[in-house]
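Engineer: Below are the C-alpha cells for one structure; questions will follow.
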Amino acid sequence: MERTERRYLNAESEDEMVVWGYRPCWWRMGLVGLGTLCSGGLLLLFLYWVPRWSIKCTCRLVSLREASVLLLQTTDEFRTCYRVRVRSMEAPGHDPLAAPHPGDWKEPACSPPTPVIQRAEYEKDLLTKAPDPGEVQIRYVDHQEVRYVWSPQRQEFRRLTALDQGVPCSDIHGRHAAGLPARHQEQRKLFYGENQIDVKVPSIPHLLVKEVLNPFHVFQTFSVILWSCNEYYQYATAIVIMSLLSICISLYFIRKQYTLLHDMVAAHNVVRVKVYRGNGVSEEMFSTDLVPGDVVLIPIGGMLMPCDAVLVTGTCVVNESLLTGESVPVMKTSLPEPGRGVGAAPEEVYSVEAHKRHTLFCGTAVVQTRFYSSEPVKAVVVRTGFYTSKGQLVCSILFPKAADFKLYRDAYRFLLGLVAVAAVGMVYSIVHSCQMGEDVGTIIVKTLDIITITVPPALPAAMTAGIIYAQQRLRKQRIYSINPQRINMCGQLNLVCFDKTGTLTEDGLDVSGFLRVHEGRFLSLERDVSTPSLVRSSFIAAMATCHSLTNIDGKLSGDPLDCKMFEATGWVLEEPTAEETALHDQIMPTVVRPAASAASATPSCGDADMELQELMNSYEIGIVSQFPFSSALQRMSVVTSNLGQRRLVAFMKGAPETVAGLCKKETVPDDFSPVLEKFTRQGLRVIALARRKLEAKITWHKVQTINRSVIEANMEFLGLIMMQNKLKPRSIPVIRELQSAHIRTVMVTGDNMLTALSVARECGMIPPHGKVVITEAVPPRDGQVATISWQYADDTAGWVATHDTKDIQIKVEDDTSKDGLLDTCYHFAMSGKTFHVITEHFPDLLPKLLLCGTVYARMAPDQKTQLVEEFQKVDYYVGMCGDGANDCGALRRAHAGISLSELEASVASPFTSKTPDISCVPVLIREGRTALVTSFCVFKFMAMYSLIQYLSVLLLYSIEGNLGDSQFLFIDLAIIMSVMFTMSLNPSWKELVPRRPLTSLISVPVLLSMILQTLLTLAFQLTAFLLVKEQPWYESGTPTANVCRVNWTGELPDAGFATHNITGEDEEEDYITNYENTTIFFVSCCQYLAVAFAFSKGKPFRQPVYRNYFFMSCILFFYGFFGLIMMYPTDVVDDFFELVCVPFDWRMKMLLLIVANLILSILVENFICDYDGWWLRFPCTPSPREGPVSDMGTQVDVDSAGRPGAGGEWGGPAKPPKDQYKLLARELPLDPDWPLPPWTGRRS
C-alpha cells in the first residue's frame, strides 16, 4: 500500500479538513458483504454510522491523484468525518476561468478560435493547462455545496474560486467589464453550475430512512422484535405507536425548517436580467445562467440581486437588510479604476470585504440607480450560487458548526454505563436460567430482555420535552429560536458580549453641540446649528454635504447619524430625476441648499472666507463625487461645487483622530486631545469635520476617477460635532442583574474607545470604584518588533490620566474578605487594531487579557467573531447580543447568539428577540437554566426508571417469575409517560442567581444521587421481597387459597374460604400471579413516583414543584390510585393487573415501606446530594451549584472550591479546575511578571 502524507482542504482556515484518498478494494468489499449477511445487516448499519470505518473496510489508501473516494475529517475537537466521491467532467482545453480577451470578438472565419489563457488566471493553479483547444478531464469533489477542483501542479484539491480572489481591479474594469461572450459563459457554467441557492427540501421517504436509521430508533426496533418474541404485544405496539408519532413530529419540524429556508431564498433564485455581451450587444436571460464575469445591466427602477457583483459604472442605493440587518439603505459607488485620473491609485487586488462599498450582494435590493446618459449602470458578476454572501449564510444554516456541550456527550457515556449494568444482569440471568434447566430459546429471550429494560426506549422523547416547553415559553416572551437544542446551552452562559449602538444604546443620535475652529483655536461651545449667522459657514456646509443620504419615495434615507446631522442644519436635499440625468453628458449632482427662510439671510460679518461666501450666494451646493464611509479608514469625504463656480471644494467627516491626522497642523488646535477626551468621557460620540479647496486642475471629470488619498490630504480642520447616544432604559437594570448572577458582561463595539468606556461606566459594566487599563499594541514596522504597553485611562473621580507606576494587581476576590475593605479592581480595554496585533504577535498574553478585558472598541465584524472564538478557547460559555448590523458572524459563532433585529438577517442567529433591548438576555438564560435542569431531572428519572424495573425483573427472575404484560404496559405508558411529560412543565424562576446548574452527568453529585437512590430502591424491594416470604400465609407460585381475609394470627376463617383451581393455563402464568410479583409491583410503582418527586427540583432555577399543577396532580393521582387498589382490592383490578389479594396487615406493611421510601428519597436528594455545606468538605469536587464567586471588577470568576490556596477540610490540596479561565484566575495572582507596570511596554 502506498503511504501518503497528510493533505488538507481549506488549510489554515476555520473549516480546515484533513483529506485522505482511497480506491475501492474488491476483496475488502466482499468480506464486508459476507459480514453483512452473517450479522443480519448489523455490520452495514455500523459502517453507515461510522463513515471512517466504512471507507477503511471497503477501500485501500492511495494518493489523492489516484483516489476515487475521499475521507474528510475536520481538525476541530469533534473530528467529524465525511465520505465524498471524486467526480470528473470534460471541459474545453483552455482555462474556463480566464477573462475574455477583446480579440475574441474578431475571430477569423477561416480558422478555429485560438484559446487565450491569461497568466493571472493560470497562477490560481486550479485547472489543467491544455496546449490545444481539445477536451480535458477535470477531477473535482462537492462537499457542503462547495466545489474543490484538482490541481495537477500542486497535487491537491483546491477550493474553486471566481473573480473575488486574486483579480486586479484593473482587470475588472478592463477585460471583465468589456462583456463575456456567450461561448465563454457556457464554458464557465460547467464549473460553477447554475446560479441559484437551491435549498432542496428533502423528500419524506429520504428523511424517514435517515431518521429510522438513527441508533436509538434501531435499538427501539430491536426491542420491539424482542418483546414480540416474548409475547409482549401490547407494550410493543404502544412503543411502535409512540416511536412513529415521535418520528412524524420530528419529520414535520425538519421539513418545515427546510421549507422556510427554501422560501427565503426562492425570491431571487430565478429572475430576468439583462446581460451586456460587449460591442453594445446585450441580451435578456434568466439569472440562473449567470456566471462569474458576466456584466449585468442594473435597470433604473432597481432589482433584486441574484448574485454578488461589483459596480463598474454608476451608483446604486441598496437595501442590505438581509445581510446586515440594517434597514437603512446604503450608497454603492463604482469600483475605482486604477491608472486613470490625477493621483491614480496603485494596482490593487479586488476583495469583497475591502471593496464592499462597491459590491452589490446577492439577495439585496437595488432601490435606486444613478448613471451617465451614455453608459448605464453596470456590474460585473464576481460570485454566484452558494459562493455568494447569501449562499454562505444559507450554508452556515444548512451545515452549522458542531457545538460542544457536556450534557449530550455525557448522556452517551451514561447510557454505556447502563449497558454495563445490564451486562451484569444478563450474566446473572444466564447463570440462573442454566441452573434451573430452562431451554436455550427462553434463556436468550430473557437475557436480551434485560438490556431493553435497562436502556429506556422513550429517552429521546423525554429529553426533548423540556426543550419544547422552554421554546414555547420563550415565544410568549417574543424570543424565537431556529435551533432549540441551543436552549440548554443558554443555561450555562457565564459571559455575554454586547454590541453598543442599537443594543445597549438607542439607534438614534441627537446633536448635543458643536465646536468650530477659527484660526487654529476652538470657539465656544454652540448648540443651535440653525442659527442664521451660521448658514453660510464652511462648518454647516460640511454638515449639509458630507453624507450619503438619498431620497426614496420622498423620504430621506441613509445612515442615522447622517440623517440627524443633516436634519439639524435645516437644509433641503434635491436629487435629479432619471430624465434630468439623461439630458446631460455627465452625472447630475445631488443638490443641497438652505431652507427658504434662510435664503435672505445676511452673510456673517465674522466669516473671513469671502470665497466661500461667494460660493454660498447661490444658496446651492452640488455634491459632485462621494468617497463612501469606510470602517477601515474611519472617514468619508465628498467633493462639492457651487453650481456657478469652477473651483471644487472637498469636505471630510470621520473619527476625530483620523481627520486631525489628515489636516494641516496649523489648523488643528493645540488643545485638540484634551478637548476630545473631555467630550468622549461624557459618553458623547464625537465627529470631526474638515475641508479643502481643490486645485483648479482637478476638474469635474477628473474627480470621478481620482484616488481618494489625493483628495483627503492637507485638509483644513473645521471643528467637532458632539452626538449624544442615550442608553436604552433596560440596559442598566439588565447589566446589574447579570452581574449579580456572576455573569461577565463585555462590550464589543465599533465605536470610539473613550465613548465605549463612558457607556460601559454608565451602564455599570465598569463599577464606580473600578480602574481602566488601556492596552495598546503596535505592529512591527521599519525593522522594529511589535510592542505592547499598558496605561491607566482615568481615575474614578475626574477621568484624568495618571502616570502612577505601581504594579497592577489582578486580584481574585474571595467571598470571605478578611478585612472587609474594598480593593481596587481593574478592567482592561483595547481597540480592534490592538486585538489584532496581540493575536498575531502576543498569543501568550491573549488569554490573560481576555480574563480581565471589559471593553473592546473599534472592532471590525470579523474581529468580533474572532473575539468570541478566543473566549470559547479558554472555556467560557459565550453569549452574544447584537442588533444584527455587523454582528452576524459573532452571533452565529457564540454558544447563544441573540439578534435584536426583526429583519431577515436574524436567520443567522440561533435566537431572535422582537423586544428591541437586552431584557431578552436574562430571560433566555433563565429559560436555558430551566431547560438544562429539566433535562438533568428527566434523564435521572428515566435512568432510575430503568434501574428500578431492572431490579424488579432480576428479583422476580430468581423465582422464575416476571412482571406481566398489563403491569409493564401500565408502568411504561400510564406512569412513566405521564410523569415524564409533566415533570418538565416547571416554569423558570423569576430571577437569576449566582449559582449555575451542572453541565455534566458524569459528576459526583449526579452519580452519588443515582447510586444512593439505586441502593434505596434495592433495599426496599429486597426487604419487601424477603419479608413476604416470611409471612405465615405465604406459598410459592400462584396461591391455592384466597388469603385476603386472613386474621392477624395467620389463620384462615371458615367463611369465605376459596381456592385457586390450577389448570394448565394457570401453570403457564404461575410466574406472574404470585405474592412476590404483587408485592414488587406495588413497591416499585410507588418508587417511580418517589424518585420523580425527589428529582423535581424547584428553586433557584425553576418554580417550586407545587406550582407545577399537572405534575403534582399526576403524582397525587397515582399515589391515590395505588393506595386504593392496594388497601381495597377488587377482582376486576386484580385480574387486569394479574395480582393476588394479600391480607390487610401485609397491605399496611407495604404502605409503611412505600411511605418510608418516599421520605428517604427526598431526604437523600435534598440533604446529601444537593447540600452545599456537605460539598465544601470535599477538596477534590466542585460544588454542585457550579456557582462562581466572582470579582466583577477584575472580570474573573472562580468556583468557590477552586479558589487560590483553598484546600480541603481534611488537609488535601484543592484540585485544579478544568476550565482554562478558572485555572488562569488561580495563576495570575501568583505571577510576579503579570501585568507589567503601567506606561511601560513589552516587545514580542
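Identifiers in this document derive from the order of the C-alpha cells: chains are assigned A, B, ..., residues are numbered from 1 separately in each chain, and ligands are numbered from 1 in order of occurrence.
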Write out as a list in words the residues lying within 10 Å of Pro910 in chain A, counting only C-alpha atoms and excluding same-chain residues fewer than 5 positions away.
Structural biologist: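 Using only C-alpha atoms, the neighbours found are Ile397, Tyr480, Ser481, Ile482, Asn483, Pro484, Gln485, Arg486, Ile487, Leu891, Arg892, Arg893, Ala894, His895, Ala896, Gly897, Ile898 and Ser899 of chain A.
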Engineer: Go ahead and dump the residues you just picked, all heavy atoms, as a compact mmCIF listing (two decimals), in the first residue's frame.
Structural biologist:
```
# COMPACT_ATOMS: atom_id res chain seq x y z
N ILE A 397 -26.40 27.83 7.87
CA ILE A 397 -27.63 27.32 8.49
C ILE A 397 -27.82 25.84 8.16
O ILE A 397 -28.19 25.04 9.02
CB ILE A 397 -28.84 28.15 8.02
CG1 ILE A 397 -28.67 29.61 8.43
CG2 ILE A 397 -30.14 27.59 8.59
CD1 ILE A 397 -29.71 30.54 7.85
N TYR A 480 -37.57 34.00 19.67
CA TYR A 480 -37.79 32.89 18.75
C TYR A 480 -36.46 32.21 18.47
O TYR A 480 -35.40 32.85 18.44
CB TYR A 480 -38.43 33.39 17.46
CG TYR A 480 -39.75 34.08 17.69
CD1 TYR A 480 -39.80 35.45 17.93
CD2 TYR A 480 -40.93 33.37 17.72
CE1 TYR A 480 -41.01 36.10 18.18
CE2 TYR A 480 -42.15 33.99 17.97
CZ TYR A 480 -42.18 35.36 18.19
OH TYR A 480 -43.36 35.98 18.45
N SER A 481 -36.52 30.91 18.25
CA SER A 481 -35.30 30.12 18.07
C SER A 481 -35.41 29.27 16.82
O SER A 481 -36.45 28.67 16.54
CB SER A 481 -35.07 29.21 19.28
OG SER A 481 -33.99 28.33 19.05
N ILE A 482 -34.31 29.24 16.04
CA ILE A 482 -34.23 28.34 14.89
C ILE A 482 -33.40 27.11 15.23
O ILE A 482 -33.26 26.21 14.41
CB ILE A 482 -33.62 29.05 13.66
CG1 ILE A 482 -32.18 29.49 13.94
CG2 ILE A 482 -34.48 30.21 13.23
CD1 ILE A 482 -31.46 30.02 12.72
N ASN A 483 -32.85 27.06 16.43
CA ASN A 483 -32.06 25.91 16.88
C ASN A 483 -32.39 25.63 18.34
O ASN A 483 -31.66 26.03 19.24
CB ASN A 483 -30.56 26.21 16.70
CG ASN A 483 -29.70 24.98 16.90
OD1 ASN A 483 -30.18 23.93 17.34
ND2 ASN A 483 -28.42 25.09 16.60
N PRO A 484 -33.49 24.92 18.61
CA PRO A 484 -33.93 24.72 20.00
C PRO A 484 -32.91 24.02 20.88
O PRO A 484 -32.91 24.20 22.10
CB PRO A 484 -35.21 23.88 19.84
CG PRO A 484 -35.68 24.14 18.45
CD PRO A 484 -34.44 24.36 17.64
N GLN A 485 -32.04 23.18 20.27
CA GLN A 485 -31.05 22.48 21.10
C GLN A 485 -30.11 23.45 21.81
O GLN A 485 -29.48 23.10 22.80
CB GLN A 485 -30.24 21.52 20.23
CG GLN A 485 -31.06 20.39 19.61
CD GLN A 485 -31.73 19.51 20.65
OE1 GLN A 485 -31.17 19.26 21.71
NE2 GLN A 485 -32.93 19.05 20.35
N ARG A 486 -30.01 24.68 21.30
CA ARG A 486 -29.13 25.67 21.93
C ARG A 486 -29.72 26.22 23.22
O ARG A 486 -29.03 26.92 23.96
CB ARG A 486 -28.87 26.82 20.97
CG ARG A 486 -28.11 26.42 19.73
CD ARG A 486 -26.71 26.94 19.76
NE ARG A 486 -25.96 26.59 18.57
CZ ARG A 486 -24.78 27.08 18.27
NH1 ARG A 486 -24.24 27.98 19.08
NH2 ARG A 486 -24.13 26.72 17.21
N ILE A 487 -31.00 25.96 23.47
CA ILE A 487 -31.62 26.50 24.69
C ILE A 487 -30.90 25.96 25.91
O ILE A 487 -30.66 26.69 26.88
CB ILE A 487 -33.12 26.17 24.72
CG1 ILE A 487 -33.83 26.86 23.55
CG2 ILE A 487 -33.74 26.59 26.04
CD1 ILE A 487 -35.30 26.53 23.45
N LEU A 891 -22.73 36.37 16.13
CA LEU A 891 -23.99 35.77 16.57
C LEU A 891 -24.03 34.28 16.22
O LEU A 891 -24.53 33.46 17.00
CB LEU A 891 -25.18 36.49 15.92
CG LEU A 891 -25.45 37.92 16.39
CD1 LEU A 891 -26.50 38.58 15.51
CD2 LEU A 891 -25.89 37.94 17.84
N ARG A 892 -23.52 33.95 15.04
CA ARG A 892 -23.52 32.54 14.64
C ARG A 892 -22.51 31.74 15.45
O ARG A 892 -22.75 30.58 15.78
CB ARG A 892 -23.18 32.41 13.15
CG ARG A 892 -24.28 32.86 12.22
CD ARG A 892 -24.05 32.32 10.81
NE ARG A 892 -22.78 32.75 10.26
CZ ARG A 892 -22.61 33.82 9.51
NH1 ARG A 892 -23.67 34.60 9.23
NH2 ARG A 892 -21.45 34.15 9.02
N ARG A 893 -21.38 32.34 15.78
CA ARG A 893 -20.31 31.59 16.42
C ARG A 893 -20.52 31.41 17.93
O ARG A 893 -20.04 30.42 18.50
CB ARG A 893 -18.98 32.30 16.17
CG ARG A 893 -17.74 31.51 16.58
CD ARG A 893 -17.73 30.11 15.98
NE ARG A 893 -18.01 30.12 14.56
CZ ARG A 893 -17.08 30.36 13.62
NH1 ARG A 893 -15.84 30.60 13.97
NH2 ARG A 893 -17.40 30.34 12.36
N ALA A 894 -21.21 32.31 18.57
CA ALA A 894 -21.40 32.21 20.02
C ALA A 894 -22.26 30.99 20.36
O ALA A 894 -22.99 30.46 19.54
CB ALA A 894 -22.07 33.49 20.54
N HIS A 895 -22.13 30.54 21.63
CA HIS A 895 -22.98 29.44 22.07
C HIS A 895 -24.45 29.85 22.00
O HIS A 895 -25.31 29.02 21.71
CB HIS A 895 -22.63 29.05 23.51
CG HIS A 895 -21.29 28.39 23.63
ND1 HIS A 895 -20.18 29.03 24.15
CD2 HIS A 895 -20.87 27.16 23.29
CE1 HIS A 895 -19.15 28.20 24.13
NE2 HIS A 895 -19.54 27.05 23.62
N ALA A 896 -24.73 31.11 22.27
CA ALA A 896 -26.10 31.62 22.19
C ALA A 896 -26.04 33.02 21.59
O ALA A 896 -25.69 33.98 22.27
CB ALA A 896 -26.75 31.66 23.57
N GLY A 897 -26.37 33.13 20.31
CA GLY A 897 -26.41 34.42 19.65
C GLY A 897 -27.83 34.95 19.65
O GLY A 897 -28.77 34.24 19.28
N ILE A 898 -28.01 36.20 20.09
CA ILE A 898 -29.33 36.80 20.21
C ILE A 898 -29.36 38.05 19.34
O ILE A 898 -28.66 39.02 19.62
CB ILE A 898 -29.65 37.17 21.67
CG1 ILE A 898 -29.32 36.01 22.61
CG2 ILE A 898 -31.11 37.58 21.82
CD1 ILE A 898 -29.27 36.40 24.06
N SER A 899 -30.17 38.01 18.31
CA SER A 899 -30.30 39.15 17.42
C SER A 899 -31.51 39.98 17.83
O SER A 899 -32.59 39.44 18.09
CB SER A 899 -30.46 38.68 15.97
OG SER A 899 -30.79 39.76 15.12
```
Engineer: Excluding range 951-957 of chain A and any residue of its chain fewer than 6 positions from it, enumerate the residues within 10 Å of it, using only C-alpha atoms, and give them as a PyMOL selection string.
Structural biologist: chain A and resi 425-426+428-429+432-433+446+449-450+453-454+963+1014+1017-1018+1021-1022+1025+1071-1072+1076-1077+1080-1081+1083-1084
Engineer: Enumerate, in order of chain and increasing residue number, the residues of range 710-769 of chain A with an atom no farther than 10 Å from range 865-881 of chain A, each with its shortest atom pair and distance in Å to one decimal, counting only C-alpha atoms, as a Markdown table.
Structural biologist:
```
| residue | atom | partner | partner_atom | distance |
| --- | --- | --- | --- | --- |
| A:Arg744 | CA | A:Val878 | CA | 9.5 |
| A:Thr745 | CA | A:Gly879 | CA | 9.5 |
| A:Val746 | CA | A:Met880 | CA | 9.4 |
| A:Met747 | CA | A:Met880 | CA | 9.9 |
| A:Val748 | CA | A:Leu867 | CA | 8.8 |
```
Engineer: Given only C-alpha atoms as the basis, pick out the residue of A:Cys920, A:Cys663, A:Leu244, A:Ala91 nearest to His184 in chain A.
Structural biologist: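 Of all the options, A:Ala91 lies closest to His184 in chain A.
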Engineer: Work out how far CA of Thr464 in chain A is from CA of Tyr252 in chain A, in Å to one decimal.
Structural biologist: 15.0 Å
Engineer: Figure out the distance between CA of Val591 in chain A and CA of Leu573 in chain A, please, to one decimal in Å.
Structural biologist: 5.9 Å
Engineer: Tell me which protein, DNA and RNA residues are within 9 Å of Ile1162 in chain A, counting only C-alpha atoms, leaving out same-chain ones fewer than 5 positions away, and put them as a list in words.
Structural biologist: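 Everything that qualifies: Ala1090, Val1091, Phe1093, Ala1094, Phe1095, Asn1157 and Phe1167 of chain A.
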Engineer: Keeping only N, CA, C and O atoms, write the selected residues as an mmCIF file, in the first residue's frame.
Structural biologist:
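Saved file part_24.cif follows:
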```
data_model
loop_
_atom_site.group_PDB
_atom_site.id
_atom_site.type_symbol
_atom_site.label_atom_id
_atom_site.label_comp_id
_atom_site.auth_asym_id
_atom_site.auth_seq_id
_atom_site.Cartn_x
_atom_site.Cartn_y
_atom_site.Cartn_z
ATOM 1 N N ALA A 1090 -41.747 8.205 43.710
ATOM 2 C CA ALA A 1090 -40.884 8.801 44.738
ATOM 3 C C ALA A 1090 -39.669 9.481 44.116
ATOM 4 O O ALA A 1090 -39.334 10.628 44.462
ATOM 5 N N VAL A 1091 -38.982 8.793 43.192
ATOM 6 C CA VAL A 1091 -37.785 9.402 42.592
ATOM 7 C C VAL A 1091 -38.172 10.570 41.694
ATOM 8 O O VAL A 1091 -37.439 11.551 41.595
ATOM 9 N N PHE A 1093 -40.619 12.687 42.194
ATOM 10 C CA PHE A 1093 -40.858 13.823 43.078
ATOM 11 C C PHE A 1093 -39.546 14.337 43.670
ATOM 12 O O PHE A 1093 -39.332 15.558 43.768
ATOM 13 N N ALA A 1094 -38.652 13.425 44.043
ATOM 14 C CA ALA A 1094 -37.374 13.836 44.636
ATOM 15 C C ALA A 1094 -36.502 14.562 43.628
ATOM 16 O O ALA A 1094 -35.790 15.517 43.972
ATOM 17 N N PHE A 1095 -36.539 14.143 42.351
ATOM 18 C CA PHE A 1095 -35.701 14.769 41.331
ATOM 19 C C PHE A 1095 -36.267 16.096 40.834
ATOM 20 O O PHE A 1095 -35.556 16.869 40.203
ATOM 21 N N ASN A 1157 -39.906 4.854 51.924
ATOM 22 C CA ASN A 1157 -39.105 5.016 50.702
ATOM 23 C C ASN A 1157 -39.216 6.442 50.176
ATOM 24 O O ASN A 1157 -38.219 7.061 49.788
ATOM 25 N N PHE A 1167 -30.698 16.660 51.140
ATOM 26 C CA PHE A 1167 -29.797 16.928 52.259
ATOM 27 C C PHE A 1167 -28.464 16.217 52.151
ATOM 28 O O PHE A 1167 -27.614 16.384 53.007
#
```
Engineer: Restricting the calculation to only C-alpha atoms: of A:Met489, A:Ile552, A:Ala423, A:Val921, which residue gets closest to Gln368 in chain A?
Structural biologist: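 For Gln368 in chain A, the nearest of the given residues is A:Ile552.
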Engineer: Leaving out Thr259 in chain A and any residue of its chain fewer than 6 positions from it, which residues lie within 9 Å of it when counting only C-alpha atoms, given as a ChimeraX atom specification?
Structural biologist: /A:199-201
Engineer: Check the smallest atom-to-atom distance from each of A:Thr550, A:Gln634, A:Gln791, A:Asn269 to Glu574 in chain A using only C-alpha atoms, then report the winner.
Structural biologist: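 When distances to Glu574 in chain A are compared using only C-alpha atoms, the smallest one comes from A:Thr550.
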Engineer: Write out as a PyMOL selection string the set of residues from range 944-1179 of chain A that DSSP, computed on the backbone, places in alpha helix (DSSP H).
Structural biologist: chain A and resi 944-957+965-969+978-982+1004-1029+1064-1068+1075-1095+1109-1127+1131-1137+1144-1164+1172-1175
Engineer: Which polymer residues have any atom within 8 Å of an atom of Val149 in chain A, counting only C-alpha atoms, with same-chain residues fewer than 6 positions away left out, as a VMD selection string?
Structural biologist: chain A and resid 126 to 127 138 to 141 157 to 160
Engineer: Kindly indicate which residue among A:Asn319, A:Ser334, A:Ser351, A:Thr80 lies nearest to Ser625 in chain A, using only C-alpha atoms for the distances.
Structural biologist: A:Ser334
Engineer: DSSP on the backbone, strand (DSSP E or B) only: what residues of range 872-972 of chain A does that give? Format it as a tab-separated table (two decimals) with all heavy atoms, in the first residue's frame.
Structural biologist:
```
chain	number	residue	atom	x	y	z
A	878	VAL	N	-20.20	31.44	25.86
A	878	VAL	CA	-20.31	32.82	25.42
A	878	VAL	C	-21.67	33.08	24.79
A	878	VAL	O	-22.13	32.33	23.93
A	878	VAL	CB	-19.20	33.17	24.40
A	878	VAL	CG1	-19.26	34.64	24.01
A	878	VAL	CG2	-17.83	32.82	24.97
A	879	GLY	N	-22.31	34.16	25.24
A	879	GLY	CA	-23.50	34.68	24.58
A	879	GLY	C	-23.14	35.97	23.86
A	879	GLY	O	-22.23	36.69	24.27
A	880	MET	N	-23.82	36.25	22.76
A	880	MET	CA	-23.59	37.47	22.00
A	880	MET	C	-24.92	38.10	21.70
A	880	MET	O	-25.83	37.45	21.18
A	880	MET	CB	-22.84	37.16	20.69
A	880	MET	CG	-22.66	38.36	19.78
A	880	MET	SD	-21.47	39.55	20.43
A	880	MET	CE	-21.82	40.99	19.43
A	881	CYS	N	-25.07	39.37	22.04
A	881	CYS	CA	-26.31	40.10	21.79
A	881	CYS	C	-25.98	41.31	20.92
A	881	CYS	O	-25.16	42.15	21.30
A	881	CYS	CB	-26.96	40.54	23.09
A	881	CYS	SG	-28.56	41.35	22.87
A	882	GLY	N	-26.60	41.38	19.75
A	882	GLY	CA	-26.36	42.48	18.84
A	882	GLY	C	-27.61	42.80	18.05
A	882	GLY	O	-28.58	42.04	18.05
A	896	ALA	N	-24.73	31.11	22.27
A	896	ALA	CA	-26.10	31.62	22.19
A	896	ALA	C	-26.04	33.02	21.59
A	896	ALA	O	-25.69	33.98	22.27
A	896	ALA	CB	-26.75	31.66	23.57
A	897	GLY	N	-26.37	33.13	20.31
A	897	GLY	CA	-26.41	34.42	19.65
A	897	GLY	C	-27.83	34.95	19.65
A	897	GLY	O	-28.77	34.24	19.28
A	898	ILE	N	-28.01	36.20	20.09
A	898	ILE	CA	-29.33	36.80	20.21
A	898	ILE	C	-29.36	38.05	19.34
A	898	ILE	O	-28.66	39.02	19.62
A	898	ILE	CB	-29.65	37.17	21.67
A	898	ILE	CG1	-29.32	36.01	22.61
A	898	ILE	CG2	-31.11	37.58	21.82
A	898	ILE	CD1	-29.27	36.40	24.06
A	899	SER	N	-30.17	38.01	18.31
A	899	SER	CA	-30.30	39.15	17.42
A	899	SER	C	-31.51	39.98	17.83
A	899	SER	O	-32.59	39.44	18.09
A	899	SER	CB	-30.46	38.68	15.97
A	899	SER	OG	-30.79	39.76	15.12
A	911	PHE	N	-31.10	32.74	18.08
A	911	PHE	CA	-32.24	33.34	18.76
A	911	PHE	C	-32.49	34.75	18.22
A	911	PHE	O	-31.55	35.48	17.91
A	911	PHE	CB	-32.00	33.41	20.27
A	911	PHE	CG	-31.76	32.07	20.91
A	911	PHE	CD1	-30.47	31.61	21.12
A	911	PHE	CD2	-32.82	31.25	21.28
A	911	PHE	CE1	-30.24	30.37	21.69
A	911	PHE	CE2	-32.59	30.02	21.84
A	911	PHE	CZ	-31.31	29.57	22.05
A	912	THR	N	-33.74	35.10	18.14
A	912	THR	CA	-34.14	36.43	17.70
A	912	THR	C	-35.18	36.97	18.67
A	912	THR	O	-36.15	36.27	18.98
A	912	THR	CB	-34.74	36.39	16.29
A	912	THR	OG1	-33.78	35.84	15.39
A	912	THR	CG2	-35.12	37.79	15.83
A	913	SER	N	-34.96	38.19	19.13
A	913	SER	CA	-35.89	38.82	20.06
A	913	SER	C	-36.63	39.94	19.35
A	913	SER	O	-36.02	40.78	18.69
A	913	SER	CB	-35.15	39.37	21.28
A	913	SER	OG	-36.02	40.13	22.10
```
Engineer: Nearest to Gln144 in chain A: which of A:Cys395, A:Leu43, A:Ile959, A:Leu727 is it, counting only C-alpha atoms?
Structural biologist: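 Checking each of A:Cys395, A:Leu43, A:Ile959, A:Leu727 against Gln144 in chain A, counting only C-alpha atoms, the winner is A:Cys395.
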Engineer: Which residue is closest to Leu474 in chain A? Choose from A:Ala162, A:Ala931, A:Ala236, A:Leu973 and count only C-alpha atoms.
Structural biologist: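 Using only C-alpha atoms, Leu474 in chain A sits closest to A:Ala931.
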